[in-house]
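Student: If you scroll down you'll find the structure; I have some questions about it.
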6 protein chains.
Amino acid sequence: MVRILENVRGEDVYLIQPIALHPNDEFVELLFWMDAFKRASAESVTAIVPFFGYAKGDKKDEPRVSIRARLCAECIELAGADRIVTMDLHSPQVQGFFRKPVDHLFALPVLCEYIEKLKLPEFVVVSPDTGFTKGAHRYARRLGAKVAIGDKVRKGHSERAELLSIVGEVAGKDALVVDDFSISGRTLVDTARALKERGARRVYACLSHLLLTADAVRRIEESDIDLIVGSDTVENSAISATRKIRTVSVAPLFAEAVMRVHARTSVSILFDQVPARVLQQVPEPDAGNAASP
Amino acid sequence: MVRILENVRGEDVYLIQPIALHPNDEFVELLFWMDAFKRASAESVTAIVPFFGYAKGDKKDEPRVSIRARLCAECIELAGADRIVTMDLHSPQVQGFFRKPVDHLFALPVLCEYIEKLKLPEFVVVSPDTGFTKGAHRYARRLGAKVAIGDKVRKGHSERAELLSIVGEVAGKDALVVDDFSISGRTLVDTARALKERGARRVYACLSHLLLTADAVRRIEESDIDLIVGSDTVENSAISATRKIRTVSVAPLFAEAVMRVHARTSVSILFDQVPARVLQQVPEPDAGNAASP
Amino acid sequence: MVRILENVRGEDVYLIQPIALHPNDEFVELLFWMDAFKRASAESVTAIVPFFGYAKGDKKDEPRVSIRARLCAECIELAGADRIVTMDLHSPQVQGFFRKPVDHLFALPVLCEYIEKLKLPEFVVVSPDTGFTKGAHRYARRLGAKVAIGDKVRKGHSERAELLSIVGEVAGKDALVVDDFSISGRTLVDTARALKERGARRVYACLSHLLLTADAVRRIEESDIDLIVGSDTVENSAISATRKIRTVSVAPLFAEAVMRVHARTSVSILFDQVPARVLQQVPEPDAGNAASP
Amino acid sequence: MVRILENVRGEDVYLIQPIALHPNDEFVELLFWMDAFKRASAESVTAIVPFFGYAKGDKKDEPRVSIRARLCAECIELAGADRIVTMDLHSPQVQGFFRKPVDHLFALPVLCEYIEKLKLPEFVVVSPDTGFTKGAHRYARRLGAKVAIGDKVRKGHSERAELLSIVGEVAGKDALVVDDFSISGRTLVDTARALKERGARRVYACLSHLLLTADAVRRIEESDIDLIVGSDTVENSAISATRKIRTVSVAPLFAEAVMRVHARTSVSILFDQVPARVLQQVPEPDAGNAASP
Amino acid sequence: MVRILENVRGEDVYLIQPIALHPNDEFVELLFWMDAFKRASAESVTAIVPFFGYAKGDKKDEPRVSIRARLCAECIELAGADRIVTMDLHSPQVQGFFRKPVDHLFALPVLCEYIEKLKLPEFVVVSPDTGFTKGAHRYARRLGAKVAIGDKVRKGHSERAELLSIVGEVAGKDALVVDDFSISGRTLVDTARALKERGARRVYACLSHLLLTADAVRRIEESDIDLIVGSDTVENSAISATRKIRTVSVAPLFAEAVMRVHARTSVSILFDQVPARVLQQVPEPDAGNAASP
Amino acid sequence: MVRILENVRGEDVYLIQPIALHPNDEFVELLFWMDAFKRASAESVTAIVPFFGYAKGDKKDEPRVSIRARLCAECIELAGADRIVTMDLHSPQVQGFFRKPVDHLFALPVLCEYIEKLKLPEFVVVSPDTGFTKGAHRYARRLGAKVAIGDKVRKGHSERAELLSIVGEVAGKDALVVDDFSISGRTLVDTARALKERGARRVYACLSHLLLTADAVRRIEESDIDLIVGSDTVENSAISATRKIRTVSVAPLFAEAVMRVHARTSVSILFDQVPARVLQQVPEPDAGNAASP
C-alpha cells in the first residue's frame with residue numbers, strides 16, 4: 001500500500017523509480033504512486049525511470065509474444081504520468097510507445113568523463129556486436145578514438161550467441177567495450193577474451209545500466225576484463241562483490257534535467273553539452289584501482 | 001517473458017490467473033498474457049481471476065492513497081480483457097471499476113454443500129464484524145440457521161482491532177464464523193475465543209479465499225477454532241501445515257461458468273441454483289476429521 | 001438550454017449542482033453546463049455535487065442491472081469535469097468510479113456541532129442497520145457516546161425490510177439514530193418504535209442528506225421520532241411541512257473546501273478538524289424546539 | 001432503476017427510445033438500459049432513437065453554449081451503443097457527432113404515400129423558411145409538385161421571427177407546408193396565413209416529428225391550416241385534442257430497417273425505394289376528414 | 001520531416017496552417033507539427049486553421065461515404081491540439097466535431113469594411129442559393145441593404161446545378177453576391193448573368209475563402225461579374241491572374257483573436273464588434289479599380 | 001472524396017493501400033476509406049499497407065521532431081482499422097506503435113527464391129551498414145552464404161554519409177547487397193564501388209521496397225551495380241527507366257496472408273515456410289538479363 005504523508009495539492013511531483021531488477025514490483029509500485037499523487041491533486045507527475053525495464057520486450061521478434069514495453073508505457077500513462085524522464089533506452093523507438101513527452105538522457109557524457117580521467121594512452125572503442133555500432137561511434141567521437149566491432153550471431157532465443165570476429169585494429173591497444181547493459185556478462189567476457197587473443201592490452205568496459213547478476217559478477221571476476229564502469233541507474237547489491245566494477249553517479253545529470261524541466265529550459269542540450277557543474281561531480285579513479293597500470 | 005506456442009487466431013481464450021499471494025507478479029503476468037493473446041489475434045480474452053487482489057484498495061479511506069483496485073481494473077481492460085470472471089469480491093462495487101462485463105461468482109453454494117455434509121446438530125452463523133452481516137445472512141438463509149454478529153472497532157490502520165461483543169445467542173451451540181478472507185487469522189482467532197467464552201461448543205469457520213500466512217496458520221493451530229473450510233481460489237502452500245483447514249474446489253463452478261459464458265446461457269443462475277453436477281463434486285468430510293465430535 | 005452570460009476564458013469554475021430529487025434533469029443539466037464551460041475555454045471546471053444521486057446504483061446486486069453511479073461518473077468526466085467535490089457518498093467505493101480527483105467531505109462535524117448544542121444528558125448512537133455501523137462508530141467517537149445497532153434483514157427487493165433487534169443498552173437513555181439518507185422514513189420510524197419499546201427516552205435522528213418525500217414527512221410526524229437533524233445538501237420543499245426536522249447548512253464547509261482547493265491547501269484536514277470559522281456558523285437550536293424536554 | 005428480466009447473453013439488442021418530450025428522462029433512461037444490456041453481455045446494442053432530441057443543440061450559434069447533441073451522442077456511445085438508427089435529424093451533420101455507424105431514415109416516403117392518397121388536385125410544396133428548402137425540393141420531387149419558399153428572419157433569440165415573403169406562385173392552388181418539426185406551431189400558422197392572403201386554397205402541412213405542445217395544438221385549431229400529417233416518432237398526448245392532425249406510423253419502416261440491419265442487407269436503399277410491404281401499411285385518409293373538399 | 005529549431009518547453013504555441021488547396025499535405029503537416037510541439041513539451045498548442053478544408057465532408061449525404069471533417073477533427077485533437085481557431089466553417093455544426101474549444105471567427109466585418117469603402121449607391125445582397133440565406137441576411141443587416149435569393153436545385157452529384165430564379169428586386173441596383181467559398185466559380189457566374197438579365201447594374205461578389213481554380217478565374221474574367229472581394233485565408237496563386245479579384249487580409253483579425261486567447265479575454269466579442277485597430281487595416285479600394293464607376 | 005458503391009454491411013474488408021511515394025495523399029486516403037467502410041457497417045477492416053511510410057519517423061533521433069510513424073499508426077486505428085498487414089517495417093518496434101494486431105510479413109523468402117534462380121556460383125551477402133546486419137544474417141542463413149558488413153558513419157543529418165570499410169572477404173566473389181529500402185541509391189552505389197575496389201566480381205542488390213527516385217535510377221544506371229531485385233510493394237514508374245532493376249511480386253504472399261487471416265490459420269508460419277503455391281509464382285530471371293555474365 002502506498003500513502004503520501006503530506007499535502008501535495010498543486011505540486012509538480014518528480015517520482016523516481018527504476019524498473020530494473022524486480023521489474024514487476026517496481027512497475028506496479030510506480031503505477032500506484034502515480035495514481036495516489038494524481039488523486040491527491042498533484043498538478044503534474046513526472047515519472048523518472050532511470051532504467052526502463054522490459055527493454056527487450058519492444059517488438060514481436062517471435063510469434064505470439066507481448067510487446068511488453070508498449071503495454072508498460074500505456075499503463076504508466078493511464079496511471080497519470082504527465083512526462084517521463086529516462087536514460088539510455090534499449091531502442092530509441094521506445095519513446096514512440098509513449099504519447100506524453102519523454103526526456104531521454106544519455107549516460108555517455110558522464111561515463112566518458114570518468115574514462116578520460118583514466119588517461120588511457122591509446123585505445124579503441126569496441127562494440128560487442130553490430131547492434132550497438134551507432135552507440136560505439138558516439139563514444140568514439142566523444143573520446144577521440146577509433147571503433148572496432150564484434151560480429152556475433154544470436155542463434156535462436158535460449159542458446160548462447162556465438163562470437164564471430166572482431167573488425168578493426170586492436171593489437172597493442174587498450175580496448176573499451178561499450179554497451180547499454182549486460183545481465184549475464186557473457187558477451188562482455190567473450191568479447192574481452194577475443195580482444196586479448198587479438199593482442200589487446202587492457203580491456204575496459206562501459207555500461208549504461210549495471211544489471212549484472214551475482215553469477216555475472218563472478219564470471220567477470222574470473223575474466224580478462226580489467227575494469228567495468230557503469231552508472232548508478234540500478235541499485236544492484238551484486239556488484240559490491242568485486243573491485244572490478246566502478247559506478248559513476250548520474251544523479252547530478254538527472255537533477256540537472258529535473259531543474260531544466262521545471263524551469264522550462266532546454267533538456268536536449270544535455271545530450272551533448274553537459275554543464276561543468278554536473279561533470280565536476282564525477283569522481284577521480286581511485287589510486288588502488290585494479291585498472292591502473 | 002510470455003510466449004504462446006500455438007496458433008490462437010480467432011479463438012475465444014479463457015485465461016486463469018488469480019491475483020493473490022504475489023499480486024504484483026501475478027497481475028503483471030496477466031497483463032502480458034492478455035497482450036500476447038490479443039496481438040496473436042485471439043477473438044476474445046476472458047480474464048478469469050478467482051481471487052481479485054488489491055481488494056482493500058477499493059476506496060480512499062485515508063487521504064492520498066491509490067484506489068488500487070480501480071487502477072488494476074483499468075490496466076486489465078487496457079491489456080485487452082473482453083470479460084472478467086471472478087469470485088467473492090471484497091466489495092460488490094468493485095464490479096463498477098470495470099467497463100467490461102463481469103461475471104461475479106459466489107463460493108457460498110459450494111462451501112455450504114460441504115458444511116451441510118458436516119451435519120452440525122445446532123449451530124449459528126457468525127459474522128466476525130458488522131461489515132460482513134449481509135454475507136452472514138446469506139449463509140444463514142441457505143443453511144437454515146440464525147445469525148450472531150461480532151462488533152469490533154478497527155482503531156487506526158496498523159493497530160489491532162478490538163473485539164467488543166457478540167450479538168446473538170451462541171451458548172450451547174456450534175458456531176460457524178464466515179468471512180470473505182483472512183490474512184493474519186487474528187479476527188478469526190479472537191472471535192473464536194469470544195464465542196467459546198460465551199459458551200459456544202465447537203467453532204467452525206468458512207472463508208471464500210484462503211490467503212492465510214504461515215504465521216496465521218500457526219495462530220489458528222493454537223486457537224479455539226476447530227475447523228476452517230475454504231475454497232481453492234488461491235494456491236497457498238502455507239495451509240498444508242495444518243489439518244485444521246479443508247479446501248473445497250470451486251473449479252467445477254468456474255468450469256460451469258465458462259461453459260455458460262461460451263454457450264451464451266445465463267451465468268447469474270449460478271448465484272442461487274448451482275447445478276447438481278457441480279455440487280456432486282464437493283467431497284465428503286474425511287473420517288479422521290479434526291472437526292468431528 | 002444553458003448559456004453563460006459572461007466571459008469565463010481562463011477562469012477556474014466551481015459549478016454547484018446536486019443530483020437529488022430530480023436526478024435525471026439535474027444530471028443532464030450538470031453535463032450541459034460543464035460542456036458549455038469547457039467550450040467557453042474555462043481553465044478548469046470543478047463539479048460540486050453535494051448529493052451524488054443514483055447512490056444505490058453502485059453495484060450489480062441483481063443480475064442485468066446498470067451500475068448507474070459508474071456510468072454517471074463517466075459522463076461527468078466526459079463532459080469535462082476536472083475535479084469532483086461531494087459529500088457523504090453512499091459507499092466510499094464510488095470515488096473509484098471517477099478517474100479525476102474527488103474531494104469527499106463529511107457532514108458529520110457540522111451535524112455533531114448541532115447535536116452538541118442540544119446538550120442531551122445521556123444518549124447512545126444507534127445505527128438502524130448493520131450497514132451503517134462504521135458510520136455510527138464515527139459519530140459515537142466524536143460525541144463521546146456508546147453505540148447500539150439495529151439488525152434488520154431486507155427480504156427481497158420490493159418488500160419492506162423487517163427489523164429484528166436492537167443490540168446495545170438503550171433503556172432510560174436518549175437515542176440518536178444516524179444514517180446517510182432516508183427516502184421513505186420507514187427504517188427511521190421502525191427503529192424509533194423499537195427504541196421506545198426498549199425504554200429509550202427521546203429519539204433523535206441525524207441524516208446527511210434529507211431526501212424524505214412528503215409521505216415520509218407525514219410518517220415521521222406521526223412517529224416516535226422527536227427531532228431529525230440533517231444537512232441542506234438537498235433542496236427539499238417537503239420538509240418544511242413539519243417542525244420535527246431541522247436543517248444545518250453545510251455551505252460554509254463547502255465554501256471552506258473550495259477555498260482550499262483553489263489555494264492548493266489540504267482538504268482532507270476537513271475530515272476531522274473543521275475550522276472554527278465553519279463551526280461557528282452552526283445555529284443554536286431554537287427555543288420552541290420540539291426536541292427540547 | 002432498469003432491470004432486464006431475461007438472459008440476453010450473446011443477443012443482438014434493438015432498444016427503442018425516442019428523446020422527445022421529456023428529453024432528460026428519456027436520454028438518461030436510454031443510457032442506463034444500454035449499460036444494463038452491455039453488462040448483461042448482450043452481443044450488440046442498437047439504439048433506435050426515432051426522434052433525436054437536443055436537435056437545435058448542434059452548434060454554437062451563440063457564445064458559451066453547450067453543443068448538446070454532440071455531448072448526448074458521446075454519452076450514448078460511452079454507454080455502449082454499437083449502432084444508432086434514427087429519423088430526420090435536424091441537420092445531417094449530427095451523424096458526424098457519432099463515431100459508430102448511424103442509419104438515418106427518412107419519413108418522407110411514408111408521409112408522401114399518405115399525401116398522395118389525399119389526391120390534391122393542384123398543389124405546391126412550401127418551405128416555411130429558407131432553411132428547409134432542400135427538404136422541400138425533396139418532397140416536391142417525390143410528389144411531382146413545384147416549390148415555394150417563405151423567407152423569414154429570426155431576429156435575436158427570444159423574439160418571434162417575422163415572416164417576410166412567399167416566393168413562388170400559390171394563388172388558386174393548395175399548399176403543402178413541409179418541415180422537420182414544430183413545437184409552438186407559430187411558423188406553421190404564420191405561413192398558412194400568408195399563403196391564404198396570397199390566394200392559396202387549402203393549406204396542408206407535413207411534419208416529420210409531432211412535438212407540438214397543447215398550446216400549439218390550440219393555435220393550429222384556430223388557424224388557417226386545414227390538416228397536418230406527421231409521423232408517430234413521438235408519443236404526444238396533446239395532439240389527440242384536434243381532428244386537424246393525422247399521424248402515419250413509421251413503425252413498419254423502422255421494422256424494415258431493423259430486419260435489414262440484422263440481415264446485413266442495404267439500409268440506404270430505404271432512402272428512396274421503400275418496399276411495398278411498408279407502404280401498404282399507410283392508412284387511407286378517413287372519410288370525415290377535415291381536409292377533404 | 002518537421003523539426004523545431006528552438007526550445008519551446010512551456011511555451012503556448014500558435015500554429016498557423018490552412019487546410020486548403022493541397023488539403024492532404026497541409027493536414028498531415030499540421031498533425032506532424034503538433035506532435036513535434038507536444039513532444040517538445042510545449043505548454044499548449046493552438047491550431048489556427050484559417051480555412052478548414054474537407055468542408056463538404058461534414059455529413060453522409062450519400063450512402064457509404066466518409067464524414068471527413070469529423071475524422072480530420074479527431075486526428076487534429078489526437079495529435080495534440082488544445083484549441084482550434086478557424087474562420088467561416090461551411091456549416092456551424094463542424095464545431096461539434098471537436099471536443100476541444102473552437103474559436104470560430106467571421107470574415108464578415110472585415111469584408112464589409114471594404115465593401116463600405118466602395119460606396120455603392122444602392123445595392124442588394126444576393127444569396128446565390130437558399131443554403132446561404134442566413135449568411136446573406138447577416139451581410140444585409142451589417143450593410144443596411146435588402147436581400148435577394150437565388151434558388152437553384154442541385155441535380156445529382158456530378159451534374160451542374162441549374163439556377164431557377166432570383167427572388168427580390170434587383171433591377172436598376174448594384175448586386176453583392178455573398179458566399180462562403182467558390183471553387184469552380186460557376187454558381188457566381190450564373191448568378192451574375194441572371195442578375196444582369198433582371199436588370200442589375202453592377203455585380204460584386206464577396207467570398208470568405210478564395211479557393212478559385214485557374215479555370216474559375218478565367219471563367220470569372222469573361223463573366224458579368226465586376227469585382228470579387230475575398231479574404232486571404234487561402235494562399236492562392238491563381239487569383240493573381242485577374243484584376244477582378246481583391247483580397248482583404250484577415251490577419252489582423254486573427255492576430256486580435258490570438259491576443260485575446262492569450263490574455264483570456266472574450267473572443268466572441270469579435271463576432272460583432274471588431275476593434276477599430278483591426279478595421280483600420282482594411283485598405284482603400286484602389287483608384288484604377290475595375291469596380292469603380 | 002471516397003464513396004463505396006456496393007453494400008458492405010457485415011463484410012470483412014481488406015483494404016490495400018501502400019503509404020509510399022506520395023505518403024500524405026495515400027495516408028489520408030487510407031483514413032477516409034476506412035472511415036467510410038466503418039460507417040457503412042463493415043464487420044471489420046484490415047488495412048493492408050505493403051509499405052508503411054514515414055519509416056524513419058520512428059524515433060526522436062533529434063530534439064523536437066515528431067515521431068511520425070506513431071502518430072500515423074494512431075490515426076489509422078482511430079479511423080477504424082481492426083488489423084494491419086504490412087511488410088518489412090524499417091524497425092520491428094513500429095509494431096508496438098499499434099494497439100491492434102499487426103501481421104508483419106517478410107519479402108525475404110520470395111526475394112531469395114528469385115536470387116536462387118540466378119544461380120550465383122559463389123557469393124557473399126553484404127549489409128551496407130551495421131544497422132542492417134541482422135537482416136543480412138537472415139538472408140545469409142536462407143541462401144547459405146557468408147556475410148560482409150559495410151561500416152559507415154552518418155555525419156549530421158543533411159551531409160552525405162561516408163563509407164568507412166567493408167568487413168569480410170569479398171575478393172573474387174559475387175556480392176549481394178541487401179537492405180530494406182533505398183531512396184537516393186547513394187549507399188548502394190558507394191557500397192558497390194567499395195566492393196569492386198576490394199575485388200568483388202559482380203554486385204547484386206536486394207531491396208524490400210523500391211522507393212528509388214528517378215535520380216537514383218540514373219545513378220544506379222551509371223554505377224557498378226549489376227542488378228537490383230526488389231518487391232512490388234511500391235508502384236514506382238521511375239524504375240521502368242532501367243533494365244538493371246527487376247521486381248518480383250509479393251502479391252501472392254499477401255494473398256496467402258489474407259486467406260490465412262480470414263480462415264483464422266497461422267500467419268506467422270509465413271515468416272519461414274512460405275507455401276510452394278506462393279513460391280512457384282516467382283518468375284524465372286529473363287535470358288537477356290543485364291546481370292547475366
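Residue numbers start at 1 in each chain; chains themselves are named A, B, ... in the order of the C-alpha cells; ligands are numbered from 1 in the order shown.
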Could you list, as number ranges by chain, every residue of chain C that has an atom within 8 Å of an atom of chain E, counting only C-alpha atoms?

Tutor: C: 7, 9-10, 38-41

Student: For the helix (DSSP H, G or I) assignment from backbone DSSP, which residues of range 29-242 of chain B qualify? Please present them as JSON, numbers by chain.

Tutor: {"B": [29, 30, 31, 32, 33, 34, 35, 36, 37, 38, 39, 68, 69, 70, 71, 72, 73, 74, 75, 76, 77, 78, 92, 93, 94, 95, 96, 97, 108, 109, 110, 111, 112, 113, 114, 115, 116, 117, 130, 131, 132, 133, 134, 135, 136, 137, 138, 139, 140, 141, 142, 143, 186, 187, 188, 189, 190, 191, 192, 193, 194, 195, 196, 197, 214, 215, 216, 217, 218, 219, 220, 221, 237, 238, 239, 240, 241]}

Student: Run DSSP on the backbone and give me the residues of range 10-206 of chain A it puts in strand (DSSP E or B), as a CSV table (one decimal) with N, CA and C atoms, in the first residue's frame.

Tutor:
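File written: part15.csv
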chain,number,residue,atom,x,y,z
A,12,ASP,N,4.1,20.1,-8.4
A,12,ASP,CA,4.7,19.3,-9.5
A,12,ASP,C,5.6,18.2,-8.9
A,13,VAL,N,5.2,16.9,-9.1
A,13,VAL,CA,5.8,15.8,-8.4
A,13,VAL,C,6.8,15.1,-9.4
A,14,TYR,N,8.0,14.9,-8.9
A,14,TYR,CA,9.0,14.1,-9.7
A,14,TYR,C,9.3,12.8,-8.9
A,15,LEU,N,8.8,11.7,-9.5
A,15,LEU,CA,8.8,10.5,-8.9
A,15,LEU,C,9.8,9.6,-9.4
A,16,ILE,N,10.8,9.1,-8.6
A,16,ILE,CA,11.9,8.4,-9.1
A,16,ILE,C,11.7,6.9,-8.9
A,19,ILE,N,12.7,0.6,-13.2
A,19,ILE,CA,12.1,-0.7,-13.4
A,19,ILE,C,13.2,-1.6,-13.8
A,44,SER,N,1.1,18.0,-11.5
A,44,SER,CA,1.7,17.1,-12.5
A,44,SER,C,2.6,16.1,-11.9
A,45,VAL,N,2.7,15.0,-12.6
A,45,VAL,CA,3.6,13.9,-12.1
A,45,VAL,C,4.6,13.5,-13.2
A,46,THR,N,5.8,13.7,-12.9
A,46,THR,CA,6.9,13.2,-13.9
A,46,THR,C,7.4,11.9,-13.4
A,47,ALA,N,7.3,10.9,-14.2
A,47,ALA,CA,7.9,9.6,-13.8
A,47,ALA,C,9.3,9.5,-14.3
A,48,ILE,N,10.2,9.5,-13.3
A,48,ILE,CA,11.6,9.4,-13.6
A,48,ILE,C,12.0,8.0,-13.5
A,49,VAL,N,12.3,7.3,-14.6
A,49,VAL,CA,12.6,5.9,-14.7
A,49,VAL,C,14.0,5.7,-15.2
A,52,PHE,N,14.4,1.8,-17.8
A,52,PHE,CA,13.1,1.4,-18.2
A,52,PHE,C,13.2,-0.1,-18.6
A,65,VAL,N,4.0,-13.1,-28.9
A,65,VAL,CA,4.6,-12.6,-27.7
A,65,VAL,C,3.9,-11.2,-27.4
A,83,ARG,N,4.8,13.2,-17.9
A,83,ARG,CA,6.1,13.2,-18.6
A,83,ARG,C,6.9,12.1,-18.1
A,84,ILE,N,7.8,11.6,-18.9
A,84,ILE,CA,8.7,10.6,-18.5
A,84,ILE,C,10.1,11.0,-18.7
A,85,VAL,N,11.0,10.8,-17.7
A,85,VAL,CA,12.4,11.1,-17.9
A,85,VAL,C,13.1,9.7,-17.7
A,86,THR,N,13.9,9.4,-18.7
A,86,THR,CA,14.6,8.1,-18.6
A,86,THR,C,16.0,8.2,-19.2
A,87,MET,N,16.7,7.1,-19.2
A,87,MET,CA,18.1,7.1,-19.7
A,87,MET,C,18.4,5.9,-20.5
A,102,VAL,N,8.7,12.5,-23.6
A,102,VAL,CA,9.8,11.7,-22.9
A,102,VAL,C,11.1,12.5,-23.0
A,103,ASP,N,11.8,12.7,-21.9
A,103,ASP,CA,13.1,13.3,-22.0
A,103,ASP,C,14.1,12.1,-21.8
A,104,HIS,N,14.8,11.9,-22.9
A,104,HIS,CA,15.7,10.7,-23.0
A,104,HIS,C,17.1,11.1,-22.8
A,105,LEU,N,17.6,10.8,-21.6
A,105,LEU,CA,19.0,11.3,-21.3
A,105,LEU,C,20.0,10.2,-21.7
A,123,PHE,N,43.7,3.8,-27.2
A,123,PHE,CA,42.7,2.8,-27.0
A,123,PHE,C,41.7,2.9,-28.1
A,124,VAL,N,40.9,1.8,-28.3
A,124,VAL,CA,39.9,1.7,-29.3
A,124,VAL,C,38.6,1.4,-28.7
A,125,VAL,N,37.5,2.0,-29.2
A,125,VAL,CA,36.2,1.7,-28.6
A,125,VAL,C,35.6,0.5,-29.4
A,126,VAL,N,35.1,-0.5,-28.6
A,126,VAL,CA,34.6,-1.7,-29.2
A,126,VAL,C,33.1,-1.9,-29.0
A,127,SER,N,32.4,-2.1,-30.1
A,127,SER,CA,31.0,-2.5,-29.9
A,127,SER,C,31.0,-4.1,-29.9
A,146,LYS,N,39.1,5.3,-32.2
A,146,LYS,CA,38.6,4.6,-33.3
A,146,LYS,C,37.7,3.5,-32.8
A,147,VAL,N,37.0,2.9,-33.8
A,147,VAL,CA,36.0,1.9,-33.4
A,147,VAL,C,36.4,0.5,-33.9
A,148,ALA,N,36.1,-0.5,-33.1
A,148,ALA,CA,36.2,-1.9,-33.6
A,148,ALA,C,34.8,-2.5,-33.3
A,149,ILE,N,34.5,-3.5,-34.1
A,149,ILE,CA,33.1,-4.1,-34.0
A,149,ILE,C,33.2,-5.6,-33.9
A,150,GLY,N,32.6,-6.2,-32.9
A,150,GLY,CA,32.4,-7.6,-32.8
A,150,GLY,C,31.2,-8.0,-33.5
A,151,ASP,N,31.3,-9.1,-34.3
A,151,ASP,CA,30.1,-9.5,-35.0
A,151,ASP,C,29.7,-10.9,-34.5
A,152,LYS,N,28.6,-11.0,-33.8
A,152,LYS,CA,28.2,-12.3,-33.3
A,152,LYS,C,26.8,-12.6,-33.9
A,153,VAL,N,26.4,-13.8,-34.0
A,153,VAL,CA,25.1,-14.2,-34.4
A,153,VAL,C,24.4,-14.8,-33.2
A,162,GLU,N,27.1,-16.8,-30.5
A,162,GLU,CA,28.5,-17.2,-30.8
A,162,GLU,C,29.2,-16.0,-31.4
A,163,LEU,N,30.3,-15.6,-30.8
A,163,LEU,CA,31.1,-14.5,-31.3
A,163,LEU,C,31.9,-14.9,-32.6
A,164,LEU,N,31.7,-14.1,-33.6
A,164,LEU,CA,32.4,-14.5,-34.9
A,164,LEU,C,33.7,-13.8,-35.0
A,165,SER,N,33.8,-12.5,-34.9
A,165,SER,CA,35.0,-11.9,-35.3
A,165,SER,C,35.1,-10.4,-34.7
A,166,ILE,N,36.3,-9.9,-34.6
A,166,ILE,CA,36.5,-8.5,-34.2
A,166,ILE,C,37.0,-7.8,-35.5
A,167,VAL,N,36.2,-6.7,-35.8
A,167,VAL,CA,36.6,-6.0,-37.0
A,167,VAL,C,37.3,-4.7,-36.6
A,174,ASP,N,44.7,-0.5,-25.7
A,174,ASP,CA,43.7,-0.8,-24.8
A,174,ASP,C,42.4,-0.8,-25.5
A,175,ALA,N,41.4,-1.6,-24.9
A,175,ALA,CA,40.1,-1.6,-25.6
A,175,ALA,C,39.0,-1.2,-24.6
A,176,LEU,N,38.1,-0.4,-25.1
A,176,LEU,CA,36.9,0.0,-24.2
A,176,LEU,C,35.7,-0.6,-24.9
A,177,VAL,N,35.2,-1.7,-24.3
A,177,VAL,CA,33.9,-2.3,-24.8
A,177,VAL,C,32.7,-1.5,-24.2
A,178,VAL,N,31.8,-1.1,-25.1
A,178,VAL,CA,30.7,-0.3,-24.7
A,178,VAL,C,29.4,-1.0,-25.0
A,179,ASP,N,28.4,-0.8,-24.1
A,179,ASP,CA,27.1,-1.4,-24.4
A,179,ASP,C,26.1,-0.7,-23.5
A,180,ASP,N,24.8,-0.9,-23.8
A,180,ASP,CA,23.8,-0.3,-22.9
A,180,ASP,C,23.6,-1.0,-21.6
A,181,PHE,N,23.6,-2.4,-21.7
A,181,PHE,CA,23.5,-3.1,-20.4
A,181,PHE,C,24.0,-4.5,-20.6
A,182,SER,N,24.2,-5.3,-19.6
A,182,SER,CA,24.6,-6.7,-19.6
A,182,SER,C,23.9,-7.3,-18.4
A,203,VAL,N,41.5,-4.5,-21.1
A,203,VAL,CA,40.1,-4.4,-21.6
A,203,VAL,C,39.3,-3.7,-20.5
A,204,TYR,N,38.7,-2.6,-20.9
A,204,TYR,CA,37.8,-1.9,-20.1
A,204,TYR,C,36.4,-2.1,-20.7
A,205,ALA,N,35.4,-1.8,-19.8
A,205,ALA,CA,34.0,-1.8,-20.4
A,205,ALA,C,33.2,-0.7,-19.8
A,206,CYS,N,32.3,-0.3,-20.5
A,206,CYS,CA,31.5,0.9,-20.1
A,206,CYS,C,30.0,0.5,-20.4
